[in-house]
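Written below as structure tokens is the structure these notes are about.
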There are 2 protein chains.
Amino acid sequence: MTEEHLDRRKRKFWGWGYADTSVSDSEILEIGGMLRDKFGLRLRELAKAPDISEIELREPRVHAPESLAGICQNDTWARAEHTLGKNLGDFVRGLAKQFDNPPDFVAFPRTEHDVVSVLDWAHTNDVAVVPYGGGSSVAQGIEPIVSDDYRGAISLDLRHLNRVLEIDRASRSALIQGGVLGPDMENQLRPHGLSMRFFLQAFEFSTLGGWIATRAAGHFATGFTQIDDYVQAMRVVTPSGTLQTGRIPADGAGVSPDRMFIGSEGTLGVITEAWMRLQDKPTFKVATSVPFSDFDKAVDAIRALAQSGLAPTNCRLLDPTESLLSGASDGSDSILVLAFESADHPLDTWMQRAAQICADHGGRVSAEALQGRSAPEAGHAGAAGKWRNFFVRGPHYKEGYSRMGVLRETFETACTWSAFPELHARVMQATTEAVKRECGDGVVACRFTHVYPDGPAPYYTVVASAKPGGELQQWAAIKQAASDAVLATGGTITHHHAVGRFHRPWYDQQRPELFTSALRAVKQTVDPNMVMNPGVLIDPK
Amino acid sequence: MTEEHLDRRKRKFWGWGYADTSVSDSEILEIGGMLRDKFGLRLRELAKAPDISEIELREPRVHAPESLAGICQNDTWARAEHTLGKNLGDFVRGLAKQFDNPPDFVAFPRTEHDVVSVLDWAHTNDVAVVPYGGGSSVAQGIEPIVSDDYRGAISLDLRHLNRVLEIDRASRSALIQGGVLGPDMENQLRPHGLSMRFFLQAFEFSTLGGWIATRAAGHFATGFTQIDDYVQAMRVVTPSGTLQTGRIPADGAGVSPDRMFIGSEGTLGVITEAWMRLQDKPTFKVATSVPFSDFDKAVDAIRALAQSGLAPTNCRLLDPTESLLSGASDGSDSILVLAFESADHPLDTWMQRAAQICADHGGRVSAEALQGRSAPEAGHAGAAGKWRNFFVRGPHYKEGYSRMGVLRETFETACTWSAFPELHARVMQATTEAVKRECGDGVVACRFTHVYPDGPAPYYTVVASAKPGGELQQWAAIKQAASDAVLATGGTITHHHAVGRFHRPWYDQQRPELFTSALRAVKQTVDPNMVMNPGVLIDPK
């Protein structure tokens, strides 16, 4: 086993990004200074990022067979890189050099046939397989935690299945391999004038297959939000065989096969290819941001927008704390970030009407927006631009928060408009109380990442002072309080962060019992030895 | 068992509509004259509609137990009414007094508890249950054809579960019982200013539960086309228990439970209630129709519209034959029927841009449409109006066609834009050849009922002279030729007519094998004795 199979740029074994780049200490300290000044957080001296030489992993329990050796690696870097995801607990444990559940080895299939071979071997040998895309899971979806019922656990890293295989320009679709990262995919689509327009926050280090497996949501705030709607057809390799669905724009023939695998989080099989719906590169854009002094009125405005049929591309509401956190305002206002894009037509009529809706609900709309034009503050220097930069850089900052002793994590949900006021009140109260109890100080911020005619997807950010060594317990208590409040008031445990292993306690509560049985029956059919990502979604045996 | 439980207006036991109404003979003869004059069809003297006194049914094989007797009927009318659906074969057989597969009795549950009781009894007694909504199936989805493995078969008519139970105005949603007919539902929603805006052709005699079970598509030609997107949450009674999903605008937690039951066509359970997404009643409307002398250019135009992001409410293309059939043109042009509606904003900008797209592709756009206004021909007297009337009255005419010896039936599909040219050419050729061979004369017409960014949903109408007594064989041969061509060129066997029993041969070909196993495993879980609508979608045992 050699490292030559990692034929692309090496990624960090801990933290976000490539091994040869990093957020600088000064950038982290600048954010820390802002958090101290604005929110009174206590910082500690920047902890040193772990070095690979300091990482000790348990001995592999199983080894790749001769036939697979050429595509497998079990060196410390490869195993450590595939141990942790990208949530708070992952960063904290990584920083503490706790890599307790490494895969025994990592397979890097170069073809679909390799995927079949790995699954065959694992199925026959009772070895768990964890499909691995970009590794950006925030729900312990890729951590190889398995019981002693398995002889071992391996990661299946799909990075080499990274090509756009076929373009259908007339149907604005492409056949794309599941292991491609967002930027790599867009680079291959660009020469054809096409784009998926699916710029989620983890875009840089997440894959098409991962998006489909976890029901990711992109940057469109309305309309085509979730990846579900982008999938035209898919190909899934399971231990029981390979399944290929048909390329139909809207099939009405029975239960949807695609929808049985979308959201299966690696528990049913590996998504090796998918025909995806794409878009023309937009040529018209218009954007603005609208301050509201009253959060409730801003909620009414965004509901009216979501129900207007105008379908803005961006339609995100930041509460005052979120606005302050991201630098979009001084924290006195809620900010509604609003944008339209089109490859077909100018958007001034759309923006005019949307701006009027905001004005009708008390938003301080710019004169430009009311005339359907982009407002100056929508540029990179303005509120919307500041918010955008903060959003894009977000994942890179995460290791920095842990290094300077800041407890920062997010959680999200979706609920009906009628459920939102109580959900929001109880979530804010329960979370804030837990933060005070666990951390002494700290804040809870809210934004809407996506809005629907029937309800919003609220997204909460917690920023507080961490107890060195106690971060996992602190966050567990806060997450428990928040999630219990979400479920008690009609929300889902996740709108787009997936269930993984971390959300199981609440997912198990919200999932209809009969559906659990049905899902288990499906798993039994396609994965009779229960080797695919055991512990995610349902208990394996 | 008495008839008092049929506490609503009595429906025909054969044909479309209520027992006390009918399409008049003169209306049928007028259509016949048109078909003779325009297409040279041979007509026969109007056959007499069957009278209930002429219908002989086999003896019931099972009887309702005492505990259910109060909600069950086994008189000839009730059984005959629940024997046949609404496709050509159903009308032909009804006219010939062939009611070979009547249910042994019909249950009319008044509550969900009644549904549970009926399923319990059927499950325990090996009696097949066919859920029955409005009876409008054109795919033999409600005909109780079962093997000798069952002691009998009953229909479960859900007409009494017909109430809108709860309105959530802020979330524009309502909790609605599954057995409500379209008009009844809209009547209950109207006082709240809400509407589902789901006016499919069978609207008058189809139910919410039926729409969900069969993945019906509504009158919106783009955007929210299929019922799938309208379902916020649902409640399903199965022989293994009742399943209730959560009210989440967009859930990202694992595989969607809703999508496992949407399209299950009564094989997994009975949809007793659903929370549905609704719309405000539109206050702005603009419509036009655009003639194209070149069908291919009209296809390019409608593709551009489908990919424009303008989301027209109506965007239907009629080929010259379809235009002639419906009276929308003299048959020299293809007609694109185009409309926008909104409860929020005037639509002149939308219509202007859409009209320009049509003009750019050679459509003869009216001056009014280019200015964003409704054109005179969009009114009831114009092409769009004529098309609309013909569409709405369509189901009522069907028995008339059979009575005057006209073989008239439709089939439909969906495919990518890139697949369409070959699909259309081969379907037209294969179908036309089969029509000539089987009927001597006749025509095949095409329209697009729905269009998507990645492809259209083409809908074909066959009108030919029937051989008295030979209609079933004639249509079987034509359907075989058409369906084989559809599948060979990348289409689905149905975009919105469902699979039922009639489409099984082709559905079995297009359904991935591993998905068949998975679906069977789900059925085994929720319906272990396989009593729910056996033969639909998959073989029961």
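In the structure tokens, the first chain shown is A, the next is B, and so on; residue numbers restart at 1 for each chain, and ligands run from 1 in the order shown.
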For this session: Please provide as a PyMOL selection string all residues within 7 Å of range 186-196 of chain A, with the sequence filter that same-chain residues fewer than 4 positions apart are discarded (counting only C-alpha atoms).
Result: chain A and resi 164+182+278-281
Saved selection, atoms kept: N, CA and C atoms, as a PDB file, in the first residue's frame:
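Saved to selection29.pdb:
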ATOM      1  N   VAL A 164     -17.174  14.222 -14.932  1.00  0.00           N
ATOM      2  CA  VAL A 164     -18.429  14.443 -15.655  1.00  0.00           C
ATOM      3  C   VAL A 164     -18.331  13.586 -16.910  1.00  0.00           C
ATOM      4  N   GLY A 182     -17.366  19.595  -5.388  1.00  0.00           N
ATOM      5  CA  GLY A 182     -18.094  20.693  -6.007  1.00  0.00           C
ATOM      6  C   GLY A 182     -17.296  21.492  -7.036  1.00  0.00           C
ATOM      7  N   LEU A 278     -29.222  20.481 -14.544  1.00  0.00           N
ATOM      8  CA  LEU A 278     -28.323  21.635 -14.447  1.00  0.00           C
ATOM      9  C   LEU A 278     -29.038  22.905 -14.879  1.00  0.00           C
ATOM     10  N   GLN A 279     -28.293  23.986 -14.832  1.00  0.00           N
ATOM     11  CA  GLN A 279     -28.859  25.271 -15.223  1.00  0.00           C
ATOM     12  C   GLN A 279     -27.884  25.980 -16.156  1.00  0.00           C
ATOM     13  N   ASP A 280     -28.438  26.915 -16.904  1.00  0.00           N
ATOM     14  CA  ASP A 280     -27.564  27.799 -17.657  1.00  0.00           C
ATOM     15  C   ASP A 280     -26.900  28.770 -16.682  1.00  0.00           C
ATOM     16  N   LYS A 281     -25.700  29.145 -17.024  1.00  0.00           N
ATOM     17  CA  LYS A 281     -24.996  30.132 -16.205  1.00  0.00           C
ATOM     18  C   LYS A 281     -25.787  31.439 -16.228  1.00  0.00           C
TER      19      LYS A 281
END
Only residues of chain B matter here; which ones have an atom within 7 Å of chain A, counting only C-alpha atoms? Give them as a compact mmCIF listing (two decimals) with N, CA and C atoms, in the first residue's frame.
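Output saved as out.txt:
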# COMPACT_ATOMS: atom_id res chain seq x y z
N ALA B 170 -51.52 30.50 7.89
CA ALA B 170 -50.18 31.08 7.79
C ALA B 170 -49.27 30.20 6.94
N SER B 171 -49.43 28.89 7.09
CA SER B 171 -48.58 27.95 6.34
C SER B 171 -49.24 27.52 5.03
N ARG B 172 -50.36 28.13 4.71
CA ARG B 172 -51.11 27.81 3.49
C ARG B 172 -51.23 26.29 3.31
N SER B 173 -51.73 25.63 4.35
CA SER B 173 -51.83 24.18 4.34
C SER B 173 -53.16 23.78 4.94
N ARG B 215 -49.83 9.30 -7.94
CA ARG B 215 -48.92 10.37 -8.40
C ARG B 215 -49.54 11.15 -9.56
N LEU B 243 -49.45 4.81 9.99
CA LEU B 243 -48.23 5.61 9.88
C LEU B 243 -48.59 7.07 9.68
N GLN B 244 -47.96 7.93 10.47
CA GLN B 244 -48.21 9.38 10.38
C GLN B 244 -46.87 10.08 10.20
N THR B 245 -46.73 10.85 9.13
CA THR B 245 -45.47 11.56 8.94
C THR B 245 -45.61 12.99 9.46
N ILE B 248 -43.38 18.87 7.87
CA ILE B 248 -42.11 19.57 7.67
C ILE B 248 -42.07 20.09 6.24
N PRO B 249 -41.82 21.39 6.03
CA PRO B 249 -41.79 21.93 4.67
C PRO B 249 -40.78 21.22 3.78
N ALA B 250 -39.63 20.88 4.35
CA ALA B 250 -38.61 20.17 3.59
C ALA B 250 -37.73 19.45 4.59
N ASP B 251 -38.01 18.18 4.77
CA ASP B 251 -37.28 17.40 5.75
C ASP B 251 -36.01 16.85 5.11
N GLY B 252 -34.92 16.87 5.83
CA GLY B 252 -33.69 16.30 5.31
C GLY B 252 -33.23 15.11 6.13
N ALA B 253 -34.14 14.58 6.95
CA ALA B 253 -33.75 13.50 7.86
C ALA B 253 -33.98 12.15 7.20
N GLY B 254 -32.94 11.65 6.55
CA GLY B 254 -33.00 10.30 5.99
C GLY B 254 -33.92 10.19 4.80
N VAL B 255 -34.18 8.94 4.43
CA VAL B 255 -35.07 8.65 3.31
C VAL B 255 -36.46 9.18 3.64
N SER B 256 -37.13 9.77 2.65
CA SER B 256 -38.45 10.36 2.88
C SER B 256 -39.52 9.29 3.09
N PRO B 257 -40.17 9.29 4.25
CA PRO B 257 -41.27 8.34 4.45
C PRO B 257 -42.44 8.62 3.50
N ARG B 259 -42.41 9.72 0.51
CA ARG B 259 -42.16 9.27 -0.87
C ARG B 259 -42.24 7.75 -0.99
N MET B 260 -42.23 7.03 0.10
CA MET B 260 -42.39 5.59 0.02
C MET B 260 -43.85 5.21 -0.19
N PHE B 261 -44.76 6.12 0.18
CA PHE B 261 -46.18 5.82 0.04
C PHE B 261 -46.82 6.57 -1.13
N ILE B 262 -46.23 7.70 -1.51
CA ILE B 262 -46.72 8.40 -2.70
C ILE B 262 -46.44 7.51 -3.91
N GLY B 263 -47.48 7.20 -4.66
CA GLY B 263 -47.30 6.32 -5.82
C GLY B 263 -47.43 4.85 -5.50
N SER B 264 -47.85 4.52 -4.30
CA SER B 264 -47.94 3.09 -3.95
C SER B 264 -49.24 2.46 -4.43
N GLU B 265 -50.13 3.27 -4.99
CA GLU B 265 -51.32 2.78 -5.72
C GLU B 265 -52.15 1.77 -4.92
N ARG B 277 -50.15 21.23 0.79
CA ARG B 277 -49.75 22.61 0.49
C ARG B 277 -50.77 23.24 -0.45
N SER B 308 -36.76 28.67 -19.00
CA SER B 308 -36.58 30.11 -18.80
C SER B 308 -36.67 30.55 -17.35
N ASP B 344 -50.19 37.43 -6.32
CA ASP B 344 -49.32 38.45 -5.74
C ASP B 344 -49.03 39.62 -6.66
N ALA B 414 -43.15 10.57 -20.41
CA ALA B 414 -42.25 11.70 -20.21
C ALA B 414 -40.87 11.24 -20.62
N CYS B 415 -40.08 12.15 -21.16
CA CYS B 415 -38.73 11.79 -21.60
C CYS B 415 -37.89 13.06 -21.59
N THR B 416 -36.61 12.91 -21.80
CA THR B 416 -35.75 14.09 -21.88
C THR B 416 -35.99 14.82 -23.21
N TRP B 417 -35.56 16.08 -23.25
CA TRP B 417 -35.67 16.82 -24.52
C TRP B 417 -34.85 16.15 -25.61
N SER B 418 -33.69 15.62 -25.22
CA SER B 418 -32.85 15.00 -26.25
C SER B 418 -33.45 13.70 -26.75
N TYR B 452 -40.89 20.25 -18.40
CA TYR B 452 -39.87 20.41 -17.36
C TYR B 452 -38.61 20.96 -18.00
N PRO B 453 -37.71 21.52 -17.20
CA PRO B 453 -36.45 21.98 -17.78
C PRO B 453 -35.72 20.86 -18.52
N ASP B 454 -35.89 19.62 -18.08
CA ASP B 454 -35.15 18.52 -18.72
C ASP B 454 -35.97 17.68 -19.68
N GLY B 455 -37.23 18.01 -19.89
CA GLY B 455 -37.98 17.25 -20.88
C GLY B 455 -39.48 17.45 -20.80
N GLY B 491 -38.66 6.58 -22.83
CA GLY B 491 -39.79 7.15 -22.11
C GLY B 491 -40.22 6.25 -20.96
N THR B 492 -41.08 6.80 -20.10
CA THR B 492 -41.68 6.00 -19.03
C THR B 492 -43.06 5.55 -19.50
N ILE B 493 -43.53 4.44 -18.96
CA ILE B 493 -44.85 3.94 -19.35
C ILE B 493 -45.97 4.86 -18.86
N THR B 494 -45.67 5.71 -17.88
CA THR B 494 -46.69 6.68 -17.47
C THR B 494 -46.10 7.86 -16.72
N HIS B 495 -46.51 9.05 -17.11
CA HIS B 495 -46.16 10.26 -16.37
C HIS B 495 -47.19 10.56 -15.29
N HIS B 496 -48.45 10.27 -15.55
CA HIS B 496 -49.47 10.57 -14.54
C HIS B 496 -50.72 9.70 -14.61
N ALA B 498 -50.62 6.44 -13.91
CA ALA B 498 -50.37 5.34 -12.95
C ALA B 498 -50.14 4.01 -13.66
N VAL B 499 -49.70 3.05 -12.89
CA VAL B 499 -49.35 1.72 -13.43
C VAL B 499 -50.55 0.79 -13.42
N PRO B 512 -36.15 -0.98 -11.96
CA PRO B 512 -34.91 -1.68 -11.63
C PRO B 512 -35.21 -2.92 -10.79
N LEU B 514 -33.57 -4.59 -8.56
CA LEU B 514 -33.30 -4.53 -7.13
C LEU B 514 -34.37 -3.70 -6.40
N PHE B 515 -34.93 -2.73 -7.10
CA PHE B 515 -36.00 -1.94 -6.50
C PHE B 515 -37.26 -2.78 -6.35
N SER B 517 -37.31 -5.89 -5.60
CA SER B 517 -37.09 -6.65 -4.36
C SER B 517 -37.32 -5.77 -3.14
N ALA B 518 -36.82 -4.54 -3.21
CA ALA B 518 -36.97 -3.62 -2.08
C ALA B 518 -38.44 -3.30 -1.82
N ALA B 521 -40.17 -6.10 -0.26
CA ALA B 521 -39.81 -6.19 1.16
C ALA B 521 -40.63 -5.19 1.99
N VAL B 522 -40.83 -4.00 1.44
CA VAL B 522 -41.66 -3.01 2.13
C VAL B 522 -43.09 -3.54 2.25
N THR B 525 -43.62 -6.02 4.85
CA THR B 525 -43.61 -5.43 6.19
C THR B 525 -44.95 -4.81 6.57
N LEU B 537 -48.78 -2.79 -9.41
CA LEU B 537 -47.34 -2.55 -9.22
C LEU B 537 -46.49 -3.81 -9.20
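Using only C-alpha atoms, the smallest distance between any of B:Phe99, B:Phe284, B:Tyr132, B:Trp506 and Phe340 in chain B comes from B:Phe284.
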For this session: Find the residues near range 429-444 of chain B: any atom within 10 Å, counting only C-alpha atoms, skip ones fewer than 6 places away on the same chain, and give them as number ranges by chain.
Result: B: 35, 39-42, 321-322, 325, 406-410, 423, 460-467, 470-471, 473-486
Exercise. Could you pull the residues within 10 Å of Met185 in chain A, counting only C-alpha atoms, minus those fewer than 6 positions along the same chain, as a list in words?
Worked result: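 With the cut-off at 10 Å, the set is Asn162, Arg163, Val164, Ile176, Gln177, Gly179, Ser195, Met196, Thr207 and Leu208 of chain A.
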Write out, as a short mmCIF file (atom, residue, chain, number, x, y, z; two decimals), in the first residue's frame, the residues just selected, with all heavy atoms.
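Output file again_20.cif is given in full below:
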data_model
loop_
_atom_site.label_atom_id
_atom_site.label_comp_id
_atom_site.auth_asym_id
_atom_site.auth_seq_id
_atom_site.Cartn_x
_atom_site.Cartn_y
_atom_site.Cartn_z
N ASN A 162 -14.48 10.97 -10.20
CA ASN A 162 -14.61 12.42 -10.14
C ASN A 162 -14.84 13.07 -11.50
O ASN A 162 -14.50 14.23 -11.70
CB ASN A 162 -13.36 13.02 -9.48
CG ASN A 162 -12.10 12.69 -10.29
OD1 ASN A 162 -12.19 11.99 -11.29
ND2 ASN A 162 -10.97 13.19 -9.85
N ARG A 163 -15.42 12.32 -12.42
CA ARG A 163 -15.57 12.89 -13.76
C ARG A 163 -17.02 13.17 -14.15
O ARG A 163 -17.94 12.46 -13.76
CB ARG A 163 -14.94 11.96 -14.79
CG ARG A 163 -13.40 12.05 -14.81
CD ARG A 163 -12.83 11.10 -15.83
NE ARG A 163 -13.32 9.75 -15.61
CZ ARG A 163 -13.69 8.92 -16.58
NH1 ARG A 163 -13.61 9.28 -17.84
NH2 ARG A 163 -14.13 7.69 -16.29
N VAL A 164 -17.17 14.22 -14.93
CA VAL A 164 -18.43 14.44 -15.65
C VAL A 164 -18.33 13.59 -16.91
O VAL A 164 -17.46 13.81 -17.75
CB VAL A 164 -18.62 15.93 -16.00
CG1 VAL A 164 -19.84 16.11 -16.90
CG2 VAL A 164 -18.76 16.76 -14.73
N ILE A 176 -22.75 12.36 -14.04
CA ILE A 176 -21.61 12.78 -13.22
C ILE A 176 -21.30 11.68 -12.20
O ILE A 176 -22.21 11.11 -11.61
CB ILE A 176 -21.93 14.10 -12.48
CG1 ILE A 176 -22.43 15.15 -13.49
CG2 ILE A 176 -20.71 14.61 -11.71
CD1 ILE A 176 -22.91 16.44 -12.85
N GLN A 177 -20.03 11.43 -11.99
CA GLN A 177 -19.65 10.43 -11.00
C GLN A 177 -19.82 10.96 -9.58
O GLN A 177 -19.66 12.16 -9.33
CB GLN A 177 -18.20 9.99 -11.23
CG GLN A 177 -18.05 9.15 -12.50
CD GLN A 177 -16.66 8.58 -12.64
OE1 GLN A 177 -15.68 9.32 -12.67
NE2 GLN A 177 -16.55 7.26 -12.71
N GLY A 179 -18.15 10.76 -6.81
CA GLY A 179 -17.08 11.19 -5.93
C GLY A 179 -16.49 12.55 -6.25
O GLY A 179 -15.50 12.96 -5.64
N SER A 195 -24.12 24.84 -15.22
CA SER A 195 -23.74 24.88 -13.81
C SER A 195 -24.83 24.20 -13.02
O SER A 195 -26.00 24.25 -13.39
CB SER A 195 -23.58 26.33 -13.36
OG SER A 195 -23.51 26.40 -11.94
N MET A 196 -24.44 23.53 -11.92
CA MET A 196 -25.50 22.97 -11.09
C MET A 196 -26.12 24.03 -10.20
O MET A 196 -27.23 23.87 -9.76
CB MET A 196 -24.98 21.79 -10.26
CG MET A 196 -26.10 20.93 -9.68
SD MET A 196 -25.53 19.50 -8.75
CE MET A 196 -24.78 18.55 -10.06
N THR A 207 -19.12 16.10 -1.99
CA THR A 207 -19.23 15.48 -3.31
C THR A 207 -20.69 15.32 -3.73
O THR A 207 -21.61 15.32 -2.91
CB THR A 207 -18.60 14.09 -3.30
OG1 THR A 207 -19.31 13.27 -2.34
CG2 THR A 207 -17.13 14.14 -2.92
N LEU A 208 -20.86 15.16 -5.01
CA LEU A 208 -22.20 14.94 -5.54
C LEU A 208 -22.88 13.76 -4.84
O LEU A 208 -24.02 13.86 -4.41
CB LEU A 208 -22.12 14.68 -7.05
CG LEU A 208 -23.45 14.29 -7.69
CD1 LEU A 208 -24.45 15.43 -7.60
CD2 LEU A 208 -23.24 13.87 -9.14
#
For this session: Do a neighbour search on Ala369 in chain B at 9 Å with only C-alpha atoms, toss out local chain neighbours closer than 6 positions, and write the hits as a ChimeraX atom specification.
Result: /B:286-289,348,351-352,354-356,375
For this session: Apply DSSP to the structure's backbone, then extract all residues of range 81-316 of chain B labelled helix (DSSP H, G or I) and return them as an MDAnalysis selection string.
Result: chainID B and resid 81 88:95 112:125 182:192 203:205 208:214 227:230 257:261 295:306
Problem set entry | Val531 in chain B environment, 9 Å, only C-alpha atoms, sequence neighbours closer than 3 positions dropped, as an MDAnalysis selection string | chainID B and resid 119 122:123 126:130 150 153 239 267 527:528 534 540
Take the residues just selected and output them with N, CA and C atoms as an mmCIF file, in the first residue's frame.
data_model
loop_
_atom_site.group_PDB
_atom_site.id
_atom_site.type_symbol
_atom_site.label_atom_id
_atom_site.label_comp_id
_atom_site.auth_asym_id
_atom_site.auth_seq_id
_atom_site.Cartn_x
_atom_site.Cartn_y
_atom_site.Cartn_z
ATOM 1 N N LEU B 119 -59.549 -3.451 7.123
ATOM 2 C CA LEU B 119 -58.243 -4.039 6.804
ATOM 3 C C LEU B 119 -57.911 -5.210 7.732
ATOM 4 N N ALA B 122 -59.956 -8.150 6.512
ATOM 5 C CA ALA B 122 -59.469 -8.659 5.232
ATOM 6 C C ALA B 122 -58.144 -9.399 5.412
ATOM 7 N N HIS B 123 -57.269 -8.791 6.213
ATOM 8 C CA HIS B 123 -55.958 -9.385 6.493
ATOM 9 C C HIS B 123 -56.107 -10.762 7.140
ATOM 10 N N ASP B 126 -57.826 -13.347 4.432
ATOM 11 C CA ASP B 126 -57.278 -13.515 3.081
ATOM 12 C C ASP B 126 -58.206 -12.970 1.998
ATOM 13 N N VAL B 127 -58.740 -11.818 2.266
ATOM 14 C CA VAL B 127 -59.599 -11.159 1.282
ATOM 15 C C VAL B 127 -58.858 -9.915 0.765
ATOM 16 N N ALA B 128 -58.776 -9.799 -0.533
ATOM 17 C CA ALA B 128 -58.092 -8.660 -1.126
ATOM 18 C C ALA B 128 -58.908 -7.383 -0.945
ATOM 19 N N VAL B 129 -58.217 -6.267 -0.754
ATOM 20 C CA VAL B 129 -58.872 -4.967 -0.575
ATOM 21 C C VAL B 129 -58.396 -4.016 -1.668
ATOM 22 N N VAL B 130 -59.341 -3.456 -2.390
ATOM 23 C CA VAL B 130 -59.012 -2.486 -3.431
ATOM 24 C C VAL B 130 -59.485 -1.108 -2.981
ATOM 25 N N TYR B 150 -56.843 -15.804 -2.981
ATOM 26 C CA TYR B 150 -57.672 -14.989 -2.084
ATOM 27 C C TYR B 150 -59.062 -15.593 -2.001
ATOM 28 N N ALA B 153 -62.534 -10.574 -2.951
ATOM 29 C CA ALA B 153 -61.965 -9.237 -3.094
ATOM 30 C C ALA B 153 -63.062 -8.213 -2.849
ATOM 31 N N PRO B 239 -52.301 -2.804 6.892
ATOM 32 C CA PRO B 239 -52.672 -3.959 7.718
ATOM 33 C C PRO B 239 -51.764 -4.127 8.934
ATOM 34 N N THR B 267 -51.248 -0.386 -2.802
ATOM 35 C CA THR B 267 -50.638 -1.686 -2.509
ATOM 36 C C THR B 267 -50.017 -1.753 -1.123
ATOM 37 N N ASP B 527 -47.866 -5.137 4.848
ATOM 38 C CA ASP B 527 -49.028 -5.904 4.378
ATOM 39 C C ASP B 527 -48.626 -7.375 4.242
ATOM 40 N N PRO B 528 -48.346 -8.021 5.375
ATOM 41 C CA PRO B 528 -47.729 -9.364 5.331
ATOM 42 C C PRO B 528 -48.591 -10.400 4.615
ATOM 43 N N PRO B 534 -53.795 -6.413 -4.689
ATOM 44 C CA PRO B 534 -52.834 -7.331 -5.296
ATOM 45 C C PRO B 534 -52.842 -7.263 -6.826
ATOM 46 N N PRO B 540 -48.329 -10.248 -6.140
ATOM 47 C CA PRO B 540 -48.534 -10.313 -4.698
ATOM 48 C C PRO B 540 -47.705 -11.402 -4.013
#
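On the backbone of this structure, DSSP gives strand (DSSP E or B) within range 175-272 of chain B to Leu175, Ile176, Gln177, Leu181, Leu194, Ser195, Thr207, Ala217, Gln226, Val231, Gln232, Ala233, Met234, Arg235, Val236, Val237, Thr238, Gly241, Thr242, Leu243, Gln244, Val270, Ile271 and Thr272 of chain B.
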Seminar exercise, completed: Computed gap from CA of Leu156 in chain B to CA of Pro131 in chain B is 4.7 Å
Problem set entry | Residue neighbourhood Arg61 in chain B, 9 Å, only C-alpha atoms, exclusion window fewer than 5 positions, as number ranges by chain | B: 104, 151-153
